[in-house]
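Here's the structure, in structure tokens; my notes come after.
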Amino acid sequence: MSDHDDDHHHGHSHGHPHAHSHQHAFQPHGVKREDTHGARTMEALSRVSQHKQTEETARSLEFGLEAAGSVVDRNISCFSRGHQPAFAGINTFMKAPYCEDIRQIGKYEAAFVGAPFDSATTYRPGTRFGPQAVRRISALYDGYWFDGGVDIYEELDLCDAGDIFVIPGNIEKTFDQVTKAVSHIYTSGVFPIICGGDHSLGFPNVRGIAPHIDGNVGIIHIDRHIDIQEKDMDERMHTTPWFWTTHEGSAVSHRDHSHMHDVGLPNCHPKNLVQIGIGGWYGNRPGTAVARRRGTSVMTMHDVEKHGPRKAAEIALEMAWEGCKAVYLSFDIDSIDPGFAPGTGSPEPGGLLPREAFEMIRTIAQEGLCGMEVVEVSPPYDVNDNTAQLATRVILDVLGTLIANDKLGHRAKATSKP
């Protein structure tokens, strides 16, 4: 046997680059395991009860029958009646209870409601299928948010209110339907999560909330397009919602609005409309003059790059909350770069990265919201449900942040004291 074979036989290593006989001398970093964000979130989650999980298991076994004898886990039912498998079942948003009797909506703390309207699009239609797509991909998530230390199922009474009956051939009747629906949810003491549909819905959505707030309402609008022109192709299209939502004081339009119900909500002032991510080469020409005249607060992607997403969101909060009792969040999915969110009607490259978007909305939601919308998800142009999934994440990150900051839900009831 050769010396080499002998060395190999006795397990000796001759300076192999991946074999080390000494410990690395790392510089002390001063961070203990218990000080990491992960350790803190695990501690927070450990205090959340699993009461609803237990209830769901019992309900699934009662309604779905016990599993076949060969199945070892006896918490599994024969017919799927709960959250698992994620690819099975009849989807509501996050597989939350379906509030079929809308008169009972007040039993819940938050409600997902679809507004499947896309007759006000100016380029690519398809957002009428947005709510269905968001519901479908939302089944992937189990409500357990490690990043924020939140368990939505245990800490929030969430329901799916179904879809508003929109009128595809009539924008104005659809607006009236949407306003009535959102108003019913909000005045029932329920946080409205409105899923579009195109962005024309911004106006009737806010119109369903603002009249019930005793004070001014700020709006944080995250989008690549300014969406504040008066009309587009002679109608109130998805490029116009904030013209009709914000109040211009004594200014009078010279166009015929005899069939319109109102021109500006009296407690939605332009200075409290903060528009983030605006830019690109499409859709901003007519609205820019209106925004400048009214004095809205416009932050482009250059502002986001200059300040960073957190600071940009803090600037937006200061502007939106000035003199206001509440703030509404309008999130257009096309604010996220189409490389990540291709399924939208008017894609504009150069938008937010998903991580930037999440940091911004979490910062915004920390202060509380009166309602939110996610619009312009167009499944016919999506790939792998990526866009619908991002829309779902926007909703969930907002809800999780509201819960974590005691702005929504019942965290104290669902958690034990440390």
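Residues in the structure tokens are named by chain (A, B, ... in the order shown) and by number from 1 within that chain; ligands are numbered from 1 in the order shown.
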**Request:** Pull the strand (DSSP E or B) assignments for range 200-393 of chain A out of DSSP run on the backbone, and list those residues as a ChimeraX atom specification.
**Result:** /A:216-222,232,235,273-278,297-300,324-332,336,352,371-375
**Message:** Residues near Trp242 in chain A, anyone? I mean within 8 Å using only C-alpha atoms, not counting same-chain ones fewer than 3 positions away, as number ranges by chain.
**Reply:** A: 202-203, 227-229, 245-246
**Asked** Any idea what's packed within 8 Å of range 129-144 of chain A, counting only C-alpha atoms, ignoring anything in its chain fewer than 4 positions away? Could you give it as a list in words?
**Response** His83, Ala86, Phe87, Asn91, Thr92, Phe93, Met94, Lys95, Gly114, Ala115, Pro116, Gly149, Val150, Asp151, Ile152, Tyr153, Cys195, Gly196, Gly197, Val375, Glu376, Val377, Ser378, Pro379, Asp385, Ala388, Gln389, Ala391 and Thr392 of chain A
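Minimum distance to Thr363 in chain A across A:Ala316, A:Val327, A:Ala289, A:Ile164 (counting only C-alpha atoms) occurs at A:Ala316.
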**Item:** CA of Phe117 in chain A to CA of Gly162 in chain A, distance in Å rounded to a single decimal
**Value:** 13.7 Å
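Residues in contact range of Gln366 in chain A, defined as at most 8 Å between only C-alpha atoms, with sequence neighbours fewer than 2 positions away removed, read Arg362, Thr363, Ile364, Gly368, Thr401, Leu402, Asn405 and Lys407 of chain A.
For the choices A:Asp35, A:Asp337, A:Glu322, A:Asp406, the atom-to-atom distance to Gly215 in chain A is smallest for A:Glu322 when using only C-alpha atoms.
For the pair CA of His269 in chain A and CA of Leu329 in chain A, the interatomic distance is 15.0 Å.
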**Request:** From a DSSP calculation on the backbone, collect every residue of range 24-251 of chain A in alpha helix (DSSP H) and output the set as a ChimeraX atom specification.
**Result:** /A:37-46,51-64,130-138,152-155,171-187,202-207,241-245
**Request:** Quick one: pull the distance between CA of Trp321 in chain A and CA of Lys413 in chain A, Å, one decimal.
**Result:** 29.3 Å
**Item:** Residue contacts of Asp101 in chain A (12 Å, only C-alpha atoms) excluding same-chain residues fewer than 2 positions away, as a PyMOL selection string
**Value:** chain A and resi 97-99+103-107+159-162
**Asked** Of the candidates A:Ile219, A:Leu61, A:Asp176, A:Glu154, which one gets nearest to Ala96 in chain A if we count only C-alpha atoms?
**Response** A:Glu154
**Request:** Can you pull out every residue within 9 Å of Val182 in chain A, counting only C-alpha atoms, but drop anything in the same chain fewer than 5 positions away, and send it as a PyMOL selection string?
**Result:** chain A and resi 113+177+187+192+194+204-209
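Shortest atom-to-atom contact with Met319 in chain A among A:Lys271, A:Lys173, A:His51, A:His302: A:Lys271, counting only C-alpha atoms.
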